[in-house]
>>> print(open('start_29.txt').read())   # compact mmCIF, C-alpha atoms
# COMPACT_ATOMS: atom_id res chain seq x y z
CA MET Y 9 129.05 137.79 136.21
CA ARG Y 10 128.63 140.10 133.22
CA THR Y 11 131.49 142.28 132.05
CA GLU Y 12 129.47 145.53 131.95
CA ILE Y 13 131.24 148.55 133.49
CA GLY Y 14 129.31 151.50 134.88
CA SER Y 15 125.66 152.54 134.98
CA GLU Y 16 123.49 152.23 138.10
CA PHE Y 17 124.73 150.59 141.31
CA TRP Y 18 123.15 147.44 142.72
CA ASP Y 19 124.97 146.94 146.07
CA VAL Y 20 126.49 148.72 149.08
CA PRO Y 21 129.84 147.58 150.57
CA LEU Y 22 129.35 147.29 154.34
CA THR Y 23 131.45 146.60 157.42
CA GLU Y 24 130.46 145.77 161.00
CA LYS Y 25 132.33 148.76 162.40
CA GLU Y 26 130.26 151.93 162.53
CA ASN Y 27 131.74 155.06 160.99
CA HIS Y 28 130.94 158.45 162.49
CA ILE Y 29 131.11 160.62 159.40
CA PHE Y 30 127.34 161.15 159.41
CA ASP Y 31 126.81 161.62 163.16
CA LYS Y 32 125.18 165.05 162.72
CA ALA Y 33 123.25 164.22 159.58
CA THR Y 34 119.56 164.53 158.90
CA TRP Y 35 118.57 162.12 156.12
CA PHE Y 36 116.53 162.84 153.00
CA VAL Y 37 115.29 161.03 149.92
CA SER Y 38 117.83 162.90 147.75
CA GLY Y 39 120.56 165.52 147.77
CA ARG Y 40 118.26 168.06 146.13
CA ALA Y 41 115.67 167.50 148.89
CA ALA Y 42 118.42 168.10 151.45
CA PHE Y 43 119.42 171.33 149.67
CA ARG Y 44 115.84 172.52 149.52
CA SER Y 45 115.40 171.83 153.23
CA ILE Y 46 118.47 173.97 153.95
CA LEU Y 47 116.98 176.80 151.91
CA GLN Y 48 113.73 176.52 153.86
CA GLN Y 49 115.62 176.66 157.15
CA ILE Y 50 117.56 179.75 156.05
CA LYS Y 51 114.29 181.42 154.99
CA ILE Y 52 112.74 180.73 158.39
CA GLU Y 53 115.80 182.01 160.27
CA ASN Y 54 115.96 185.05 157.99
CA ALA Y 55 112.27 185.76 158.67
CA GLY Y 56 112.00 188.12 155.71
CA LEU Y 57 114.65 190.50 157.03
CA LYS Y 58 116.44 190.68 153.67
CA PRO Y 59 115.95 189.29 150.16
CA LEU Y 60 117.88 186.06 149.69
CA LYS Y 61 120.12 185.60 146.65
CA VAL Y 62 122.31 182.57 146.06
CA ALA Y 63 125.61 182.51 144.16
CA LEU Y 64 125.93 179.25 142.24
CA PRO Y 65 129.05 177.85 140.54
CA SER Y 66 128.75 178.03 136.77
CA TYR Y 67 129.77 174.34 136.62
CA LEU Y 68 127.01 172.31 138.30
CA CYS Y 69 124.18 169.84 137.89
CA GLU Y 70 120.81 171.21 136.86
CA SER Y 71 119.22 169.50 139.87
CA MET Y 72 120.88 172.11 142.11
CA ILE Y 73 118.87 174.85 140.43
CA GLU Y 74 115.48 173.18 140.94
CA PRO Y 75 115.29 173.69 144.75
CA LEU Y 76 115.94 177.42 144.28
CA ILE Y 77 113.12 177.69 141.75
CA LYS Y 78 110.75 175.75 144.01
CA GLU Y 79 111.62 177.98 146.99
CA ASP Y 80 111.42 181.15 144.87
CA VAL Y 81 114.96 182.17 145.79
CA GLU Y 82 116.90 184.36 143.36
CA TYR Y 83 120.28 183.14 142.08
CA LYS Y 84 123.17 184.05 139.80
CA PHE Y 85 126.37 182.29 138.69
CA TYR Y 86 130.01 182.85 139.53
CA SER Y 87 132.55 181.55 137.03
CA VAL Y 88 134.33 178.20 137.45
CA SER Y 89 137.21 177.19 135.18
CA PHE Y 90 139.97 174.58 135.26
CA LYS Y 91 143.58 175.70 134.91
CA ASP Y 92 146.98 174.32 135.95
CA GLY Y 93 145.53 171.37 137.82
CA PHE Y 94 142.89 173.26 139.82
CA PHE Y 95 139.28 174.29 139.57
CA ARG Y 96 139.32 178.06 139.98
CA CYS Y 97 136.41 180.24 141.04
CA ASN Y 98 135.90 183.91 140.30
CA TYR Y 99 133.68 185.52 142.92
CA SER Y 100 134.07 189.10 141.70
CA ASN Y 101 130.44 189.43 140.56
CA ILE Y 102 128.57 188.19 143.66
CA ASP Y 103 128.69 191.13 146.07
CA ASP Y 104 124.89 191.28 145.87
CA CYS Y 105 124.54 187.63 147.00
CA ASN Y 106 124.21 186.66 150.66
CA ILE Y 107 124.45 182.88 150.13
CA ILE Y 108 127.19 180.96 148.28
CA LEU Y 109 126.95 177.35 147.13
CA VAL Y 110 130.42 175.75 147.01
CA ILE Y 111 131.25 172.46 145.25
CA ASP Y 112 134.45 170.42 145.24
CA TYR Y 113 134.58 168.28 142.11
CA PHE Y 114 135.06 164.56 141.46
CA GLY Y 115 136.50 163.64 144.88
CA TYR Y 116 139.83 165.44 144.41
CA ASP Y 117 141.27 168.13 146.63
CA ALA Y 118 141.69 170.34 143.57
CA LEU Y 119 139.62 173.44 144.20
CA SER Y 120 141.45 176.74 144.53
CA ASN Y 121 138.90 178.22 146.89
CA ASP Y 122 138.99 181.65 148.49
CA PHE Y 123 135.28 182.43 148.64
CA PRO Y 124 134.26 185.62 150.47
CA ARG Y 125 132.86 184.97 153.94
CA SER Y 126 131.88 188.39 155.25
CA ASN Y 127 128.08 188.64 155.52
CA LYS Y 128 127.70 185.44 153.50
CA THR Y 129 126.05 182.14 154.37
CA ILE Y 130 128.14 179.27 152.96
CA ILE Y 131 126.47 176.05 151.79
CA ARG Y 132 128.87 173.27 150.83
CA ASP Y 133 127.77 170.44 148.52
CA LEU Y 134 129.69 167.36 149.72
CA THR Y 135 128.30 164.96 147.11
CA HIS Y 136 131.64 164.63 145.34
CA SER Y 137 133.93 165.25 148.31
CA ILE Y 138 132.35 163.54 151.34
CA PHE Y 139 135.32 161.14 151.64
CA THR Y 140 138.05 163.58 150.59
CA LYS Y 141 138.53 165.63 153.74
CA ASN Y 142 136.75 167.07 156.76
CA TYR Y 143 135.44 170.56 156.08
CA ASN Y 144 134.76 173.23 158.71
CA ASP Y 145 134.39 176.27 156.45
CA ALA Y 146 130.64 176.29 155.80
CA ASP Y 147 127.41 177.02 157.64
CA TYR Y 148 125.50 174.16 155.99
CA TYR Y 149 126.55 170.87 154.41
CA PHE Y 150 124.61 168.44 152.23
CA GLY Y 151 125.05 165.75 149.61
CA SER Y 152 123.88 162.45 148.15
CA MET Y 153 125.16 158.92 148.71
CA ARG Y 154 123.50 157.59 145.54
CA LYS Y 155 126.60 158.60 143.56
CA TRP Y 156 128.86 156.35 145.66
CA ALA Y 157 127.06 153.02 146.07
CA GLY Y 158 123.70 151.29 145.76
CA PHE Y 159 121.62 153.56 147.97
CA LEU Y 160 117.92 153.85 147.24
CA SER Y 161 117.90 157.40 148.60
CA GLY Y 162 120.70 158.70 150.83
CA GLY Y 163 120.47 162.49 150.82
CA PHE Y 164 122.04 164.05 153.91
CA ALA Y 165 122.47 167.47 155.50
CA TRP Y 166 123.70 169.16 158.65
CA ASN Y 167 124.66 172.63 159.78
CA ARG Y 168 127.40 174.15 161.89
CA GLU Y 169 125.18 174.21 164.97
CA GLY Y 170 123.78 170.69 164.59
CA ARG Y 171 120.87 169.21 162.70
CA ILE Y 172 118.61 170.29 159.87
CA PHE Y 173 114.84 170.12 160.31
CA GLU Y 174 113.66 166.50 160.09
CA PRO Y 175 111.37 165.70 157.11
CA THR Y 176 108.16 163.80 157.76
CA GLU Y 177 107.04 162.78 154.25
CA ILE Y 178 107.86 159.24 153.10
CA ALA Y 179 108.51 158.66 149.38
CA SER Y 180 107.36 155.04 149.51
CA ASP Y 181 106.47 154.74 145.80
CA TYR Y 182 109.88 155.99 144.72
CA ILE Y 183 111.75 153.80 147.23
CA ALA Y 184 109.83 150.70 146.14
CA LEU Y 185 110.42 151.33 142.44
CA ARG Y 186 114.13 152.05 142.85
CA LYS Y 187 114.55 148.89 144.95
CA LYS Y 188 112.84 146.91 142.20
CA ALA Y 189 115.20 148.44 139.62
CA MET Y 190 118.24 147.63 141.75
CA ASP Y 191 117.13 144.02 142.24
CA LEU Y 192 116.60 143.63 138.49
CA LYS Y 193 120.05 145.12 137.82
CA SER Y 194 121.60 142.66 140.30
CA ASP Y 195 119.91 139.74 138.53
CA TYR Y 196 121.23 141.01 135.20
CA ILE Y 197 124.80 141.38 136.46
CA ASP Y 198 124.65 137.90 138.04
CA GLU Y 199 123.37 136.52 134.70
CA LYS Y 200 120.08 135.35 136.20
CA THR Y 201 118.35 137.18 133.36
CA SER Y 202 119.33 138.69 130.02
CA SER Y 203 116.66 141.38 130.22
CA LYS Y 204 117.58 145.05 130.63
CA ASP Y 205 114.10 145.99 131.86
CA TYR Y 206 115.79 147.52 134.90
CA LEU Y 207 116.65 150.55 132.76
CA ASN Y 208 112.99 151.48 132.31
CA VAL Y 209 112.32 150.87 136.00
CA TYR Y 210 115.21 153.19 136.96
CA ARG Y 211 113.82 155.85 134.63
CA GLY Y 212 110.41 155.51 136.22
CA ALA Y 213 111.93 155.90 139.68
CA GLU Y 214 113.79 159.04 138.62
CA TYR Y 215 110.54 160.52 137.30
CA LEU Y 216 108.93 159.95 140.70
CA LEU Y 217 111.93 161.50 142.44
CA GLU Y 218 111.78 164.64 140.30
CA ASN Y 219 108.21 165.18 141.44
CA CYS Y 220 108.85 164.26 145.06
CA ASP Y 221 108.60 166.77 147.90
CA ILE Y 222 111.08 166.93 150.80
CA ALA Y 223 110.95 163.35 152.11
CA ILE Y 224 112.97 161.27 154.53
CA SER Y 225 115.56 158.71 153.43
CA ASP Y 226 114.87 154.99 153.43
CA SER Y 227 115.63 153.67 156.94
CA ASN Y 228 117.86 150.89 155.61
CA ASP Y 229 119.92 153.47 153.69
CA ILE Y 230 120.53 155.37 156.93
CA LYS Y 231 121.76 152.18 158.59
CA ASN Y 232 123.93 151.29 155.59
CA ALA Y 233 125.51 154.76 155.51
CA LYS Y 234 126.62 154.35 159.11
CA HIS Y 235 128.23 150.98 158.29
CA LEU Y 236 129.59 151.86 154.87
CA ASP Y 237 133.05 150.38 154.28
CA ILE Y 238 134.70 153.71 153.58
CA GLU Y 239 138.24 152.36 153.70
CA PHE Y 240 137.45 149.74 151.05
CA ILE Y 241 135.79 152.38 148.88
CA LYS Y 242 138.74 154.77 149.17
CA VAL Y 243 141.46 152.19 148.57
CA THR Y 244 139.70 150.60 145.59
CA ARG Y 245 138.78 153.89 143.95
CA ARG Y 246 142.29 155.31 144.41
CA ASN Y 247 143.89 152.17 142.95
CA ASN Y 248 141.49 152.14 140.02
CA ALA Y 249 141.89 155.86 139.38
CA ALA Y 250 145.68 155.49 139.40
CA VAL Y 251 145.47 152.96 136.56
CA LEU Y 252 143.26 155.26 134.49
CA ILE Y 253 145.43 158.31 135.13
CA ASP Y 254 148.62 156.41 134.32
CA GLY Y 255 147.18 155.12 131.05
CA LEU Y 256 145.40 158.30 129.94
CA ALA Y 257 147.37 161.13 131.51
CA ASP Y 258 147.39 163.16 128.30
CA ILE Y 259 143.59 163.59 128.39
CA CYS Y 260 142.94 163.42 132.15
CA LEU Y 261 141.71 166.60 133.77
CA ILE Y 262 143.53 165.78 137.01
CA THR Y 263 146.82 163.94 136.51
CA SER Y 264 147.88 163.01 140.05
CA LEU Y 265 146.32 161.86 143.30
CA ASN Y 266 146.74 163.81 146.52
CA PRO Y 267 146.93 161.77 149.76
CA ASN Y 268 143.32 162.55 150.74
CA ASP Y 269 141.68 162.13 147.33
CA CYS Y 270 138.82 159.65 146.99
CA PRO Y 271 137.86 159.79 143.30
CA LEU Y 272 134.21 159.72 142.40
CA PHE Y 273 135.23 159.42 138.74
CA VAL Y 274 138.31 160.11 136.64
CA PRO Y 275 137.34 163.08 134.43
CA ILE Y 276 138.88 163.32 130.97
CA VAL Y 277 138.52 166.07 128.36
CA ILE Y 278 138.36 165.14 124.70
CA ASP Y 279 137.08 166.84 121.54
CA GLU Y 280 135.15 163.83 120.25
CA ARG Y 281 133.37 163.19 123.52
CA GLU Y 282 130.01 162.07 122.14
CA LYS Y 283 131.64 159.72 119.66
CA LEU Y 284 133.86 158.29 122.40
CA ARG Y 285 130.93 157.83 124.75
CA LYS Y 286 129.01 155.88 122.10
CA TYR Y 287 132.13 153.84 121.29
CA LEU Y 288 132.40 152.88 124.97
CA ILE Y 289 128.69 152.10 125.26
CA ASP Y 290 128.91 149.78 122.25
CA ARG Y 291 131.54 147.88 124.25
CA ASN Y 292 129.49 147.77 127.48
CA ILE Y 293 131.34 150.61 129.23
CA TYR Y 294 128.94 153.27 130.52
CA CYS Y 295 130.50 156.59 131.51
CA PRO Y 296 128.43 159.66 132.48
CA ILE Y 297 128.86 163.30 131.53
CA HIS Y 298 129.17 165.94 134.26
CA TRP Y 299 127.02 167.67 133.25
CA PRO Y 300 124.65 168.67 130.47
CA LYS Y 301 124.78 172.46 130.53
CA PRO Y 302 121.75 173.77 132.47
CA TYR Y 303 121.72 177.33 131.11
CA LYS Y 304 122.46 179.25 127.89
CA ASP Y 305 124.95 181.91 128.99
CA GLN Y 306 128.55 181.46 127.86
CA ASN Y 307 131.33 181.45 130.48
CA GLU Y 308 134.59 179.81 131.49
CA SER Y 309 132.88 176.49 132.31
CA ASP Y 310 131.87 175.87 128.70
CA ASP Y 311 134.94 173.79 127.88
CA LEU Y 312 134.11 171.43 130.75
CA TYR Y 313 130.48 171.13 129.72
CA GLU Y 314 131.42 170.43 126.10
CA ARG Y 315 134.43 168.11 126.45
CA GLU Y 316 134.31 166.35 129.86
CA LEU Y 317 133.59 162.61 130.24
CA SER Y 318 133.69 160.83 133.61
CA LEU Y 319 135.48 157.47 133.54
CA VAL Y 320 134.18 154.91 136.02
CA CYS Y 321 136.63 153.91 138.78
CA ASP Y 322 134.41 152.67 141.60
CA GLN Y 323 134.63 149.77 144.03
CA ARG Y 324 132.66 147.35 141.82
CA TYR Y 325 135.61 146.99 139.47
CA SER Y 326 139.15 145.64 139.32
CA THR Y 327 142.47 146.77 137.92
CA ASN Y 328 141.80 144.64 134.84
CA ASP Y 329 138.52 146.49 134.30
CA MET Y 330 140.41 149.78 134.39
CA LYS Y 331 142.95 148.47 131.88
CA ARG Y 332 140.02 147.56 129.65
CA ILE Y 333 138.76 151.15 129.81
CA VAL Y 334 142.23 152.49 129.02
CA SER Y 335 142.74 150.19 126.04
CA THR Y 336 139.27 150.96 124.68
CA VAL Y 337 139.79 154.73 124.93
CA ARG Y 338 143.24 154.41 123.35
CA GLU Y 339 141.79 152.28 120.57
CA PHE Y 340 139.20 154.99 119.89
CA MET Y 341 141.84 157.71 119.87
CA GLU Y 342 144.02 155.77 117.44
CA ILE Y 343 141.10 155.18 115.08
CA ASN Y 344 140.09 158.84 115.16
CA LYS Y 345 143.47 160.59 115.29
CA ASN Y 346 143.36 161.55 111.62
CA ALA Y 347 139.61 162.03 111.40
>>> encode(input="start_29.txt", output="structure tokens")
Amino acid sequence: MRTEIGSEFWDVPLTEKENHIFDKATWFVSGRAAFRSILQQIKIENAGLKPLKVALPSYLCESMIEPLIKEDVEYKFYSVSFKDGFFRCNYSNIDDCNIILVIDYFGYDALSNDFPRSNKTIIRDLTHSIFTKNYNDADYYFGSMRKWAGFLSGGFAWNREGRIFEPTEIASDYIALRKKAMDLKSDYIDEKTSSKDYLNVYRGAEYLLENCDIAISDSNDIKNAKHLDIEFIKVTRRNNAAVLIDGLADICLITSLNPNDCPLFVPIVIDEREKLRKYLIDRNIYCPIHWPKPYKDQNESDDLYERELSLVCDQRYSTNDMKRIVSTVREFMEINKNA
């Protein structure tokens, strides 16, 4: 097996025992499709009684803006910053909004959250925090399983009362292309081929997804989600994250694990982020950025956008892999300390 760390998944860890975390879920081709479906349901229930305006966190993925544009729903940003071990939100400027999108970040219970509830509809994005804790503070919930394991699709949503409207469209072209990419990636990891053609196939699949309407999830993904080995995922990610945090505490955004944390990544903040990312890539370690900034306005999230890098800690990898990441980052820092 190749020693590459990171990049796209190629498998899903399963167990015979069925979990019940998704019992109320309606399944979609992506998290953004799930979010858009929620917006459509709110519009129908609102029936034009009042203009809808959504408050978005200033620290988010651009894909969360697209459904609002497609549904012609107005939005504005509330400020998100990180201070003293917590993500902190300032809701002082959103009195004119009647919907709030709330995000917990990176799988840590580290959001200092006191969002206003009076006359507000709360939508919670569970993509990062689905395995962190059980939430009961929102009207709607959604997320994506593609960030956690090798799901072809895996968007999900539910509301406080039950289910979200079921989609009928099938994104067969996207599903087929992503499956092809995942199979090629598996062959590469297992050293059955030296070709990295899977990268172009993944890019082609993402292009199809960006132009996809609200479609249902792949049926096998729905089955896999219900039999996902959540305990294995949590234990492995926590153990791996602990190694990274112990070895890189001086640059880690979050420096300790709470009992319920299930890390999606271990975020670090560093001035030479782009140089470090390239240094890691040159050594077959692929770590994403959360996220490229999706707007021009300056605010308290700018430091995160400019300096954050997400270190991989998922269930594909061992303690030795994490030590390799630590030593490579330390090596980079030593080389560049007087630069």
>>> closest_residue(input="start_29.txt", among="Y:Ser100, Y:Arg171, Y:Leu76, Y:Arg40", to="Y:Asp133", atoms="all atoms listed in the file")
Y:Arg40
>>> residues_around(input="start_29.txt", residues="stretch 111-120 of chain Y", least_positions_apart="3", cutoff="6 Å", atoms="only C-alpha atoms", output="list of chain:residue names")
Y:Phe94, Y:Phe95, Y:Arg96, Y:Asp133, Y:His136, Y:Ser137, Y:Thr140, Y:Asp269, Y:Cys270, Y:Pro271, Y:Leu272, Y:Phe273
>>> closest_residue(input="start_29.txt", among="Y:Asp258, Y:Glu199, Y:Glu16, Y:Asp181", to="Y:Asp226", atoms="all atoms listed in the file")
Y:Asp181
>>> closest_residue(input="start_29.txt", among="Y:Asn144, Y:Ala165, Y:Thr135, Y:Asn98", to="Y:Arg44", atoms="only C-alpha atoms")
Y:Ala165
>>> residues_around(input="start_29.txt", residues="Y:Glu82", least_positions_apart="3", cutoff="8 Å", atoms="all atoms listed in the file", output="list in words")
Leu60, Lys61, Val62, Leu76 and Ile77 of chain Y
>>> atom_distance(input="start_29.txt", atom1="atom CA of Y:Phe85", atom2="atom CA of Y:Ile102")
8.0 Å
>>> atom_distance(input="start_29.txt", atom1="atom CA of Y:Asp92", atom2="atom CA of Y:Leu261")
9.6 Å
>>> residues_around(input="start_29.txt", residues="Y:Trp156", least_positions_apart="4", cutoff="12 Å", atoms="all atoms listed in the file", output="PyMOL selection string")
chain Y and resi 14-21+114-115+134-139+151-152+160-163+233+236-238+241-242+245+270-273+320-324
>>> atom_distance(input="start_29.txt", atom1="atom CA of Y:Val251", atom2="atom CA of Y:Ile333")
9.7 Å
>>> closest_residue(input="start_29.txt", among="Y:Lys32, Y:Asp145, Y:Pro175, Y:Pro302", to="Y:Cys69", atoms="only C-alpha atoms")
Y:Pro302
>>> closest_residue(input="start_29.txt", among="Y:Asp147, Y:Glu214, Y:Glu53, Y:Glu339", to="Y:Leu288", atoms="only C-alpha atoms")
Y:Glu339
>>> closest_residue(input="start_29.txt", among="Y:Glu314, Y:Asp305, Y:Asp191, Y:Leu256", to="Y:Glu282", atoms="all atoms listed in the file")
Y:Glu314
>>> residues_around(input="start_29.txt", residues="Y:Leu192", least_positions_apart="4", cutoff="10 Å", atoms="only C-alpha atoms", output="list in words")
Trp18, Arg186, Lys187, Lys188, Tyr196, Ile197, Asp198, Lys200, Thr201, Ser203, Lys204, Asp205, Tyr206, Leu207, Val209 and Tyr210 of chain Y
>>> residues_around(input="start_29.txt", residues="Y:Trp35", least_positions_apart="4", cutoff="12 Å", atoms="only C-alpha atoms", output="PyMOL selection string")
chain Y and resi 30-31+39-43+45+149-153+161-166+171-178+222-231+233-234
